[in-house]
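The file start17.pdb contains PDB, C-alpha atoms:
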MODEL        1
ATOM      1  CA  MET A  28      55.130 -96.309 -28.735
ATOM      2  CA  LYS A  29      53.058 -93.631 -30.481
ATOM      3  CA  LYS A  30      50.340 -93.807 -27.866
ATOM      4  CA  TYR A  31      52.884 -93.073 -25.117
ATOM      5  CA  PHE A  32      53.866 -89.835 -26.873
ATOM      6  CA  PHE A  33      50.229 -88.897 -27.597
ATOM      7  CA  ILE A  34      49.101 -88.803 -23.944
ATOM      8  CA  PRO A  35      51.796 -86.314 -22.759
ATOM      9  CA  LEU A  36      51.111 -84.164 -25.841
ATOM     10  CA  CYS A  37      47.434 -83.938 -24.958
ATOM     11  CA  LEU A  38      48.267 -82.973 -21.357
ATOM     12  CA  LEU A  39      50.672 -80.264 -22.555
ATOM     13  CA  SER A  40      48.058 -78.851 -24.938
ATOM     14  CA  ALA A  41      45.467 -78.729 -22.147
ATOM     15  CA  LEU A  42      47.866 -76.817 -19.906
ATOM     16  CA  LEU A  43      48.624 -74.280 -22.639
ATOM     17  CA  LEU A  44      44.926 -73.720 -23.353
ATOM     18  CA  SER A  45      44.165 -73.172 -19.650
ATOM     19  CA  ASP A  46      46.959 -70.573 -19.382
ATOM     20  CA  ILE A  47      45.561 -68.691 -22.380
ATOM     21  CA  ALA A  48      42.047 -68.717 -20.856
ATOM     22  CA  TRP A  49      43.305 -67.349 -17.522
ATOM     23  CA  ALA A  50      45.260 -64.630 -19.325
ATOM     24  CA  GLN A  51      42.147 -63.566 -21.250
ATOM     25  CA  THR A  52      40.146 -63.515 -17.998
ATOM     26  CA  ASP A  53      42.717 -61.252 -16.308
ATOM     27  CA  THR A  54      42.725 -58.942 -19.329
ATOM     28  CA  MET A  55      38.930 -58.643 -19.283
ATOM     29  CA  ALA A  56      38.966 -57.982 -15.533
ATOM     30  CA  SER A  57      41.412 -55.092 -15.989
ATOM     31  CA  ILE A  58      39.130 -53.283 -18.497
ATOM     32  CA  PRO A  59      36.937 -50.797 -16.576
ATOM     33  CA  VAL A  60      33.214 -51.329 -17.050
ATOM     34  CA  PRO A  61      31.327 -48.029 -17.528
ATOM     35  CA  VAL A  62      28.856 -47.338 -14.707
ATOM     36  CA  ARG A  63      25.614 -45.622 -15.626
ATOM     37  CA  LYS A  64      25.125 -42.619 -13.367
ATOM     38  CA  LYS A  65      21.693 -42.218 -11.868
ATOM     39  CA  ARG A  66      20.038 -38.976 -12.959
ATOM     40  CA  PRO A  67      19.117 -36.832  -9.940
ATOM     41  CA  LYS A  68      15.429 -36.310  -9.290
ATOM     42  CA  PRO A  69      14.134 -33.028 -10.695
ATOM     43  CA  ILE A  70      13.274 -30.206  -8.323
ATOM     44  CA  LYS A  71       9.496 -30.047  -7.872
ATOM     45  CA  HIS A  72       8.807 -28.141  -4.634
ATOM     46  CA  GLU A  73       9.519 -24.628  -3.395
ATOM     47  CA  LEU A  74       9.012 -22.829  -0.076
ATOM     48  CA  SER A  75       9.928 -19.164   0.383
ATOM     49  CA  GLY A  76       8.977 -16.006   2.218
ATOM     50  CA  GLY A  77       9.898 -12.376   2.370
ATOM     51  CA  LEU A  78       9.106  -8.687   2.735
ATOM     52  CA  ARG A  79       7.115  -6.582   0.263
ATOM     53  CA  LEU A  80       7.283  -2.788   0.146
ATOM     54  CA  ASN A  81       4.226  -1.257  -1.509
ATOM     55  CA  SER A  82       3.645   2.303  -2.637
ATOM     56  CA  ASP A  83       0.793   2.362  -0.072
ATOM     57  CA  GLY A  84       2.235   0.275   2.762
ATOM     58  CA  TRP A  85       4.083  -2.938   3.550
ATOM     59  CA  SER A  86       3.430  -6.674   3.848
ATOM     60  CA  LEU A  87       4.973 -10.010   4.803
ATOM     61  CA  PHE A  88       4.295 -13.102   2.701
ATOM     62  CA  LEU A  89       4.855 -16.852   2.455
ATOM     63  CA  ASP A  90       4.856 -18.870  -0.804
ATOM     64  CA  ARG A  91       4.371 -22.623  -1.193
ATOM     65  CA  GLY A  92       4.729 -23.858  -4.757
ATOM     66  CA  LYS A  93       4.966 -26.975  -6.895
ATOM     67  CA  ILE A  94       6.565 -27.363 -10.311
ATOM     68  CA  LYS A  95       4.017 -29.078 -12.518
ATOM     69  CA  SER A  96       6.216 -30.049 -15.483
ATOM     70  CA  PRO A  97       9.982 -29.858 -14.831
ATOM     71  CA  ASP A  98      12.306 -29.967 -17.849
ATOM     72  CA  ARG A  99      14.310 -33.165 -18.348
ATOM     73  CA  THR A 100      17.679 -31.398 -18.325
ATOM     74  CA  THR A 101      17.231 -28.498 -15.928
ATOM     75  CA  ASP A 102      14.950 -27.304 -13.163
ATOM     76  CA  TYR A 103      14.866 -23.633 -14.170
ATOM     77  CA  HIS A 104      12.643 -24.264 -17.211
ATOM     78  CA  TYR A 105       9.402 -24.673 -15.314
ATOM     79  CA  ASP A 106       5.915 -23.368 -14.657
ATOM     80  CA  LEU A 107       5.521 -22.993 -10.909
ATOM     81  CA  HIS A 108       2.016 -23.054  -9.444
ATOM     82  CA  PHE A 109       1.946 -21.617  -5.932
ATOM     83  CA  TRP A 110      -0.189 -20.549  -2.994
ATOM     84  CA  GLN A 111       0.576 -17.285  -1.223
ATOM     85  CA  LEU A 112      -0.350 -16.082   2.267
ATOM     86  CA  GLU A 113       0.207 -12.368   2.871
ATOM     87  CA  PHE A 114      -0.423  -9.912   5.699
ATOM     88  CA  GLY A 115       0.120  -6.169   5.402
ATOM     89  CA  GLU A 116      -0.948  -2.651   6.301
ATOM     90  CA  LYS A 117      -2.243   0.172   4.115
ATOM     91  CA  LYS A 118      -0.781   3.665   4.476
ATOM     92  CA  HIS A 119      -2.098   6.981   3.151
ATOM     93  CA  PRO A 120       0.380   9.314   1.375
ATOM     94  CA  GLN A 121      -0.530  12.117   3.819
ATOM     95  CA  GLU A 122       0.429  10.115   6.915
ATOM     96  CA  ILE A 123       3.137  11.968   8.833
ATOM     97  CA  ARG A 124       4.276  10.933  12.303
ATOM     98  CA  ARG A 125       4.468  13.885  14.695
ATOM     99  CA  THR A 126       5.025  14.713  18.371
ATOM    100  CA  ASN A 127       3.690  17.548  20.558
ATOM    101  CA  THR A 128       4.544  19.106  23.931
ATOM    102  CA  ILE A 129       1.569  20.496  25.797
ATOM    103  CA  GLY A 130       1.872  23.956  27.371
ATOM    104  CA  SER A 131       4.297  24.838  30.133
ATOM    105  CA  THR A 132       4.023  21.409  31.787
ATOM    106  CA  ALA A 133       5.836  19.820  28.838
ATOM    107  CA  ASP A 134       3.832  16.606  29.180
ATOM    108  CA  ALA A 135       5.565  13.513  27.910
ATOM    109  CA  ALA A 136       4.703  13.553  24.238
ATOM    110  CA  LYS A 137       4.018  10.385  22.280
ATOM    111  CA  PRO A 138       4.198   9.976  18.492
ATOM    112  CA  PHE A 139       0.921  10.183  16.572
ATOM    113  CA  ILE A 140      -0.288  10.495  12.989
ATOM    114  CA  TYR A 141      -2.280  13.673  12.586
ATOM    115  CA  GLY A 142      -5.659  13.161  10.942
ATOM    116  CA  LYS A 143      -5.468   9.374  10.704
ATOM    117  CA  ALA A 144      -8.984   7.951  11.051
ATOM    118  CA  ASN A 145      -8.432   4.173  10.768
ATOM    119  CA  ASN A 146      -5.742   1.541  10.626
ATOM    120  CA  PHE A 147      -6.385  -0.872   7.787
ATOM    121  CA  TYR A 148      -4.758  -4.297   7.538
ATOM    122  CA  ALA A 149      -5.271  -7.020   4.952
ATOM    123  CA  LEU A 150      -4.883 -10.779   5.196
ATOM    124  CA  LYS A 151      -4.715 -12.184   1.675
ATOM    125  CA  VAL A 152      -4.766 -15.721   0.287
ATOM    126  CA  GLY A 153      -3.994 -16.185  -3.390
ATOM    127  CA  TYR A 154      -3.151 -18.772  -6.040
ATOM    128  CA  GLY A 155      -0.927 -18.005  -8.993
ATOM    129  CA  LYS A 156       1.662 -19.051 -11.538
ATOM    130  CA  ARG A 157       5.260 -18.114 -12.229
ATOM    131  CA  LYS A 158       6.492 -18.739 -15.778
ATOM    132  CA  LEU A 159      10.066 -18.509 -17.103
ATOM    133  CA  ILE A 160      10.485 -15.994 -19.924
ATOM    134  CA  ALA A 161      14.282 -15.482 -20.047
ATOM    135  CA  GLY A 162      17.526 -16.640 -18.481
ATOM    136  CA  LYS A 163      20.122 -19.360 -19.048
ATOM    137  CA  PRO A 164      19.746 -22.433 -16.781
ATOM    138  CA  GLU A 165      22.463 -24.322 -14.940
ATOM    139  CA  LEU A 166      23.977 -27.551 -16.254
ATOM    140  CA  ASN A 167      24.614 -29.349 -12.977
ATOM    141  CA  ASN A 168      23.816 -27.978  -9.530
ATOM    142  CA  GLU A 169      25.262 -24.511 -10.003
ATOM    143  CA  VAL A 170      24.324 -21.676 -12.314
ATOM    144  CA  GLU A 171      26.835 -19.593 -14.173
ATOM    145  CA  PRO A 172      27.825 -16.576 -12.022
ATOM    146  CA  GLY A 173      25.869 -13.462 -12.932
ATOM    147  CA  VAL A 174      23.090 -15.323 -14.755
ATOM    148  CA  ILE A 175      19.577 -14.331 -13.648
ATOM    149  CA  SER A 176      16.381 -16.101 -14.626
ATOM    150  CA  ILE A 177      13.416 -13.799 -15.324
ATOM    151  CA  HIS A 178       9.854 -14.961 -14.773
ATOM    152  CA  TRP A 179       6.387 -13.552 -15.351
ATOM    153  CA  VAL A 180       4.198 -13.929 -12.279
ATOM    154  CA  TYR A 181       0.442 -13.478 -11.938
ATOM    155  CA  MET A 182      -2.032 -14.444  -9.243
ATOM    156  CA  GLY A 183      -5.389 -13.650  -7.641
ATOM    157  CA  GLY A 184      -7.392 -14.507  -4.569
ATOM    158  CA  VAL A 185      -9.475 -13.299  -1.642
ATOM    159  CA  SER A 186      -8.719 -10.585   0.926
ATOM    160  CA  ILE A 187      -9.896 -10.133   4.489
ATOM    161  CA  GLY A 188      -9.684  -6.438   5.357
ATOM    162  CA  LEU A 189      -9.379  -5.458   9.020
ATOM    163  CA  GLU A 190     -10.468  -1.878   9.764
ATOM    164  CA  LYS A 191      -9.492  -0.653  13.249
ATOM    165  CA  PRO A 192     -10.257   2.869  14.511
ATOM    166  CA  TYR A 193      -7.198   4.982  15.253
ATOM    167  CA  TYR A 194      -7.185   6.497  18.750
ATOM    168  CA  ILE A 195      -5.273   9.497  20.060
ATOM    169  CA  GLU A 196      -4.956  11.038  23.510
ATOM    170  CA  ALA A 197      -5.979  14.694  23.540
ATOM    171  CA  TYR A 198      -7.259  17.381  25.854
ATOM    172  CA  VAL A 199     -11.004  17.696  25.280
ATOM    173  CA  THR A 200     -13.163  20.474  26.714
ATOM    174  CA  ASP A 201     -16.022  19.156  28.841
ATOM    175  CA  PRO A 202     -19.187  20.955  27.626
ATOM    176  CA  ASN A 203     -20.663  20.929  31.137
ATOM    177  CA  THR A 204     -17.702  22.232  33.159
ATOM    178  CA  GLY A 205     -15.587  23.892  30.466
ATOM    179  CA  VAL A 206     -12.526  22.075  31.832
ATOM    180  CA  ASN A 207     -10.023  20.387  29.531
ATOM    181  CA  GLU A 208      -9.745  16.682  30.257
ATOM    182  CA  LEU A 209      -7.283  14.198  28.803
ATOM    183  CA  LYS A 210      -9.239  11.566  26.890
ATOM    184  CA  SER A 211      -8.635   8.817  24.354
ATOM    185  CA  ILE A 212     -10.726   9.590  21.260
ATOM    186  CA  THR A 213     -11.148   8.451  17.682
ATOM    187  CA  TYR A 214     -12.475  10.340  14.680
ATOM    188  CA  THR A 215     -16.285  10.655  14.719
ATOM    189  CA  ASP A 216     -18.803  13.401  13.937
ATOM    190  CA  THR A 217     -18.932  14.368  17.608
ATOM    191  CA  THR A 218     -15.174  14.305  18.290
ATOM    192  CA  LYS A 219     -13.783  15.556  14.995
ATOM    193  CA  ASP A 220     -13.098  19.101  16.272
ATOM    194  CA  ALA A 221     -11.013  17.865  19.224
ATOM    195  CA  PHE A 222      -9.460  15.118  17.081
ATOM    196  CA  LEU A 223      -8.092  17.703  14.640
ATOM    197  CA  ASP A 224      -7.134  20.349  17.227
ATOM    198  CA  GLN A 225      -3.417  19.633  16.880
ATOM    199  CA  PRO A 226      -1.996  21.793  19.745
ATOM    200  CA  PHE A 227      -4.028  19.800  22.292
ATOM    201  CA  ILE A 228      -3.020  16.338  21.071
ATOM    202  CA  VAL A 229      -0.710  14.448  23.445
ATOM    203  CA  GLY A 230      -0.067  11.441  21.205
ATOM    204  CA  GLY A 231      -1.285   8.111  19.937
ATOM    205  CA  SER A 232      -3.147   5.754  22.267
ATOM    206  CA  GLY A 233      -1.196   2.654  21.206
ATOM    207  CA  LEU A 234      -1.759  -0.186  18.780
ATOM    208  CA  GLY A 235      -3.930  -2.190  21.180
ATOM    209  CA  LYS A 236      -6.505   0.564  21.630
ATOM    210  CA  GLY A 237      -9.576  -0.140  19.491
ATOM    211  CA  LEU A 238      -8.826  -3.811  18.741
ATOM    212  CA  GLY A 239     -12.258  -4.791  20.043
ATOM    213  CA  GLU A 240     -13.857  -2.437  17.502
ATOM    214  CA  THR A 241     -12.120  -3.967  14.478
ATOM    215  CA  LYS A 242     -14.450  -4.564  11.528
ATOM    216  CA  ILE A 243     -14.000  -7.213   8.835
ATOM    217  CA  VAL A 244     -14.257  -6.026   5.223
ATOM    218  CA  PRO A 245     -14.055  -8.824   2.611
ATOM    219  CA  GLY A 246     -12.591  -8.297  -0.831
ATOM    220  CA  ILE A 247     -10.566  -9.708  -3.721
ATOM    221  CA  HIS A 248      -7.082  -9.011  -5.044
ATOM    222  CA  GLY A 249      -4.837  -9.668  -8.020
ATOM    223  CA  LYS A 250      -1.322  -8.871  -9.134
ATOM    224  CA  THR A 251       1.117  -9.261 -12.007
ATOM    225  CA  GLY A 252       4.834  -8.583 -12.242
ATOM    226  CA  LEU A 253       8.356  -9.704 -13.065
ATOM    227  CA  HIS A 254      10.294 -12.103 -10.841
ATOM    228  CA  PHE A 255      14.122 -12.042 -10.924
ATOM    229  CA  ASP A 256      15.740 -15.170  -9.477
ATOM    230  CA  PHE A 257      19.503 -14.937  -8.880
ATOM    231  CA  ALA A 258      20.107 -17.927  -6.562
ATOM    232  CA  ALA A 259      23.472 -19.646  -7.101
ATOM    233  CA  SER A 260      22.045 -23.134  -6.541
ATOM    234  CA  LYS A 261      18.933 -24.869  -7.798
ATOM    235  CA  LYS A 262      18.154 -25.943  -4.211
ATOM    236  CA  THR A 263      18.019 -22.396  -2.873
ATOM    237  CA  LYS A 264      15.722 -19.455  -3.520
ATOM    238  CA  LEU A 265      16.847 -15.823  -3.684
ATOM    239  CA  ALA A 266      14.805 -13.365  -5.710
ATOM    240  CA  ILE A 267      13.472  -9.848  -6.207
ATOM    241  CA  GLU A 268      10.027  -9.197  -7.630
ATOM    242  CA  THR A 269       8.346  -6.003  -8.828
ATOM    243  CA  GLY A 270       4.899  -5.391 -10.246
ATOM    244  CA  LEU A 271       1.367  -4.030  -9.910
ATOM    245  CA  ASN A 272      -1.218  -5.019  -7.280
ATOM    246  CA  VAL A 273      -4.984  -4.289  -7.147
ATOM    247  CA  GLU A 274      -7.362  -4.825  -4.212
ATOM    248  CA  ILE A 275     -11.146  -4.292  -4.251
ATOM    249  CA  TYR A 276     -13.264  -4.369  -1.071
ATOM    250  CA  THR A 277     -17.014  -4.497  -0.517
ATOM    251  CA  ARG A 278     -17.136  -0.943   0.898
ATOM    252  CA  GLY A 279     -15.010   2.152   1.100
ATOM    253  CA  ILE A 280     -12.210   2.463   3.645
ATOM    254  CA  GLU A 281     -11.524   5.859   5.255
ATOM    255  CA  LEU A 282      -7.841   6.097   6.143
ATOM    256  CA  MET A 283      -7.609   9.844   6.788
ATOM    257  CA  ALA A 284     -10.120  12.270   8.269
ATOM    258  CA  GLY A 285     -11.784  14.411   5.656
ATOM    259  CA  GLN A 286     -10.686  12.163   2.766
ATOM    260  CA  ASP A 287     -13.116  10.200   0.623
ATOM    261  CA  ALA A 288     -13.437   6.536   1.557
ATOM    262  CA  THR A 289     -12.290   4.216  -1.222
ATOM    263  CA  PRO A 290     -12.950   0.495  -1.820
ATOM    264  CA  VAL A 291     -10.128   0.194  -4.381
ATOM    265  CA  PHE A 292      -6.394   0.167  -3.659
ATOM    266  CA  VAL A 293      -3.863   0.121  -6.500
ATOM    267  CA  ASN A 294      -0.128   0.042  -5.799
ATOM    268  CA  VAL A 295       3.231  -0.841  -7.273
ATOM    269  CA  TYR A 296       5.471  -3.060  -5.207
ATOM    270  CA  ALA A 297       8.971  -4.454  -4.827
ATOM    271  CA  SER A 298       9.653  -7.580  -2.768
ATOM    272  CA  PHE A 299      12.636  -9.578  -1.565
ATOM    273  CA  GLN A 300      12.286 -13.279  -0.845
ATOM    274  CA  PHE A 301      14.426 -16.284   0.025
ATOM    275  CA  GLY A 302      13.808 -19.976   0.630
ATOM    276  CA  LYS A 303      14.550 -23.473  -0.652
ATOM    277  CA  ARG A 304      13.643 -26.001  -3.350
ATOM    278  CA  TRP A 305      13.664 -29.780  -3.210
ATOM    279  CA  ALA A 306      12.793 -32.942  -5.162
ATOM    280  CA  GLU A 307      10.174 -35.591  -4.447
ATOM    281  CA  LYS A 308      11.227 -37.683  -1.479
ATOM    282  CA  LYS A 309       9.783 -40.923  -2.867
TER     283      LYS A 309
ENDMDL
END
As structure tokens, the full file:
Amino acid sequence: MKKYFFIPLCLLSALLLSDIAWAQTDTMASIPVPVRKKRPKPIKHELSGGLRLNSDGWSLFLDRGKIKSPDRTTDYHYDLHFWQLEFGEKKHPQEIRRTNTIGSTADAAKPFIYGKANNFYALKVGYGKRKLIAGKPELNNEVEPGVISIHWVYMGGVSIGLEKPYYIEAYVTDPNTGVNELKSITYTDTTKDAFLDQPFIVGGSGLGKGLGETKIVPGIHGKTGLHFDFAASKKTKLAIETGLNVEIYTRGIELMAGQDATPVFVNVYASFQFGKRWAEKK
């Protein structure tokens, strides 16, 4: 008789144990398992461009940079190495745009710069570094409103100067006939009297005049300054930069008639630039 009671008891115990196991399984399934979030890739690339206003002219530029050693927690603690392509024009402090009307005929006057001897443009290629010196970084993707990161920037490279003679249209007296003729002239030893005879100047000959006479003047350049980045996102670029720039060419450049030609240009500048940043795609 005992064995007949033992078999049902074993079956009942097995059922109870299975219910307990299922209950434990359901309890474990209801406990959330923490998921490890994948850390976003650090920002390592930057592309930006902008406008630079110099104390002796203007320029447009394009920057392409790479962050060599990004910080593990933020992308604003970095040393950015970058290439810069820049094109600009040099201006003399005495340049003043004027217009004339000639005699009683009131010929259509065109603007001109009195006494300007040459246009001088510069195409510059440089390599430099931008290093963070102050500023609180962001914690996620956004920076705290009003926080600006301040960087020290320095760079150097080569310059290709483009010297183009400046032409004006003026009435010039023909030495053979004594008649005034309208001619397009530039500043030379033989034309300097007519070139500077302001009442007989009609106006500038246009930017295209003299392009075929453009001369290449090689040189070098360097700059240093402070870079203020106030972008609201680590994936965007919005900054102002100010500093000192020096350019040295292989010969003197004469911008204005009667002024000494100089191979050295020193200016202070302020620039505005915008662009984007991104991580490695791989």
For the atom pair atom CA of A:Ile275 and atom CA of A:Ala288, what is the interatomic distance in Å to one decimal place?
->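 A separation of 12.5 Å between them.
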Which one is closest to A:Tyr181: A:Lys118, A:Lys137, A:Lys262, A:His248? Count all atoms listed in the file.
->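 Closest residue, counting all atoms listed in the file: A:His248.
Take the PyMOL selection byres ((chain A and resi 253-257) around 6) and apply it to this file: it picks Ile175, Ser176, Ile177, His178, Trp179, Val180, Gly252, Ala258, Leu265, Ala266, Ile267, Glu268 and Thr269 of chain A.
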What is the atom CA of A:Lys151 to atom CA of A:Arg304 distance in Å?
->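 A separation of 23.5 Å between them.
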From atom CA of A:Lys250 to atom CA of A:Phe301 the spacing works out at 19.7 Å
Excluding same-chain residues fewer than 4 positions from stretch 224-233 of chain A, what lies within 8 Å of it counting all atoms listed in the file, as a PyMOL selection string?
-> chain A and resi 126-129+134-141+194-199+211+220
When the PyMOL selection byres ((chain A and resi 298) around 10) is applied to the file above, which residues end up in the set, as a ChimeraX atom specification?
-> /A:76-81,85-88,254,266-270,296-297,299-300
Tell me which protein, DNA and RNA residues are within 8 Å of A:Leu89, counting all atoms listed in the file, leaving out same-chain ones fewer than 5 positions away, and put them as a PDB file with C-alpha atoms, in the frame of the given file.
ATOM      1  CA  LEU A  74       9.012 -22.829  -0.076  1.00  0.00           C
ATOM      2  CA  SER A  75       9.928 -19.164   0.383  1.00  0.00           C
ATOM      3  CA  GLY A  76       8.977 -16.006   2.218  1.00  0.00           C
ATOM      4  CA  GLY A  77       9.898 -12.376   2.370  1.00  0.00           C
ATOM      5  CA  GLN A 111       0.576 -17.285  -1.223  1.00  0.00           C
ATOM      6  CA  LEU A 112      -0.350 -16.082   2.267  1.00  0.00           C
ATOM      7  CA  GLU A 113       0.207 -12.368   2.871  1.00  0.00           C
TER       8      GLU A 113
END
Which one is closest to A:Ala284: A:Ile212, A:Leu223, A:Leu150, A:Ile123? Count only C-alpha atoms.
->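 The answer is A:Leu223, which sits nearest to A:Ala284.
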Run the PyMOL selection byres ((chain A and resi 143) around 9) mentally over the shown coordinates, then write out the matched residues as a list in words, using the chain letters and numbers from the document.
-> His119, Gln121, Glu122, Phe139, Ile140, Tyr141, Gly142, Ala144, Asn145, Asn146, Pro192, Tyr193, Tyr194, Tyr214, Glu281, Leu282, Met283 and Ala284 of chain A
Would you mind exporting C-alpha atoms of the selected residues as an mmCIF file, keeping the file's coordinate frame?
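Writing the result to part15.cif gives the following:
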data_model
loop_
_atom_site.group_PDB
_atom_site.id
_atom_site.type_symbol
_atom_site.label_atom_id
_atom_site.label_comp_id
_atom_site.auth_asym_id
_atom_site.auth_seq_id
_atom_site.Cartn_x
_atom_site.Cartn_y
_atom_site.Cartn_z
ATOM 1 C CA HIS A 119 -2.098 6.981 3.151
ATOM 2 C CA GLN A 121 -0.530 12.117 3.819
ATOM 3 C CA GLU A 122 0.429 10.115 6.915
ATOM 4 C CA PHE A 139 0.921 10.183 16.572
ATOM 5 C CA ILE A 140 -0.288 10.495 12.989
ATOM 6 C CA TYR A 141 -2.280 13.673 12.586
ATOM 7 C CA GLY A 142 -5.659 13.161 10.942
ATOM 8 C CA ALA A 144 -8.984 7.951 11.051
ATOM 9 C CA ASN A 145 -8.432 4.173 10.768
ATOM 10 C CA ASN A 146 -5.742 1.541 10.626
ATOM 11 C CA PRO A 192 -10.257 2.869 14.511
ATOM 12 C CA TYR A 193 -7.198 4.982 15.253
ATOM 13 C CA TYR A 194 -7.185 6.497 18.750
ATOM 14 C CA TYR A 214 -12.475 10.340 14.680
ATOM 15 C CA GLU A 281 -11.524 5.859 5.255
ATOM 16 C CA LEU A 282 -7.841 6.097 6.143
ATOM 17 C CA MET A 283 -7.609 9.844 6.788
ATOM 18 C CA ALA A 284 -10.120 12.270 8.269
#
Using all atoms listed in the file, give me every residue within 8 Å of (-19.1, 15.0, 24.7) in file coordinates, as a ChimeraX atom specification.
-> /A:201-202,217-218
Dump as an mmCIF file, in the coordinates of the input, selection limited to C-alpha atoms:
data_model
loop_
_atom_site.group_PDB
_atom_site.id
_atom_site.type_symbol
_atom_site.label_atom_id
_atom_site.label_comp_id
_atom_site.auth_asym_id
_atom_site.auth_seq_id
_atom_site.Cartn_x
_atom_site.Cartn_y
_atom_site.Cartn_z
ATOM 1 C CA ASP A 201 -16.022 19.156 28.841
ATOM 2 C CA PRO A 202 -19.187 20.955 27.626
ATOM 3 C CA THR A 217 -18.932 14.368 17.608
ATOM 4 C CA THR A 218 -15.174 14.305 18.290
#
Identify which of the residues A:Lys219, A:Arg124, A:Ser82, A:Asp287 lies closest to A:Val273, counting all atoms listed in the file when measuring atom-to-atom distances.
->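 Distance minimum relative to A:Val273 lands on A:Ser82.
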For A:Ser186, list every protein, DNA or RNA residue within 8 Å, evaluated using all atoms listed in the file, and leave out those in the same chain fewer than 5 positions away; present the list as a list in words.
-> Ala149, Leu150, Lys151, Val152, Pro245, Gly246, Ile247, His248, Glu274 and Tyr276 of chain A
Suppose we keep C-alpha atoms; can you now write the selection as a PDB file, in the coordinates of the input?
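File written: part.pdb
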ATOM      1  CA  ALA A 149      -5.271  -7.020   4.952  1.00  0.00           C
ATOM      2  CA  LEU A 150      -4.883 -10.779   5.196  1.00  0.00           C
ATOM      3  CA  LYS A 151      -4.715 -12.184   1.675  1.00  0.00           C
ATOM      4  CA  VAL A 152      -4.766 -15.721   0.287  1.00  0.00           C
ATOM      5  CA  PRO A 245     -14.055  -8.824   2.611  1.00  0.00           C
ATOM      6  CA  GLY A 246     -12.591  -8.297  -0.831  1.00  0.00           C
ATOM      7  CA  ILE A 247     -10.566  -9.708  -3.721  1.00  0.00           C
ATOM      8  CA  HIS A 248      -7.082  -9.011  -5.044  1.00  0.00           C
ATOM      9  CA  GLU A 274      -7.362  -4.825  -4.212  1.00  0.00           C
ATOM     10  CA  TYR A 276     -13.264  -4.369  -1.071  1.00  0.00           C
TER      11      TYR A 276
END
Enclose stretch 269-274 of chain A, meaning all of its atoms listed in the file, in a box aligned along x, y and z, pad it by 3 Å on each side, and list the centre and edge lengths in Å to one decimal, as lines of an AutoDock Vina configuration file.
center_x = 0.5
center_y = -5.0
center_z = -7.2
size_x = 21.7
size_y = 8.0
size_z = 12.0
Selected residue of minimal separation from A:Val295 among A:Asp83, A:Lys68, A:Lys264, A:Glu116, counting all atoms listed in the file =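 Among A:Asp83, A:Lys68, A:Lys264, A:Glu116, it is A:Asp83 that comes nearest to A:Val295.
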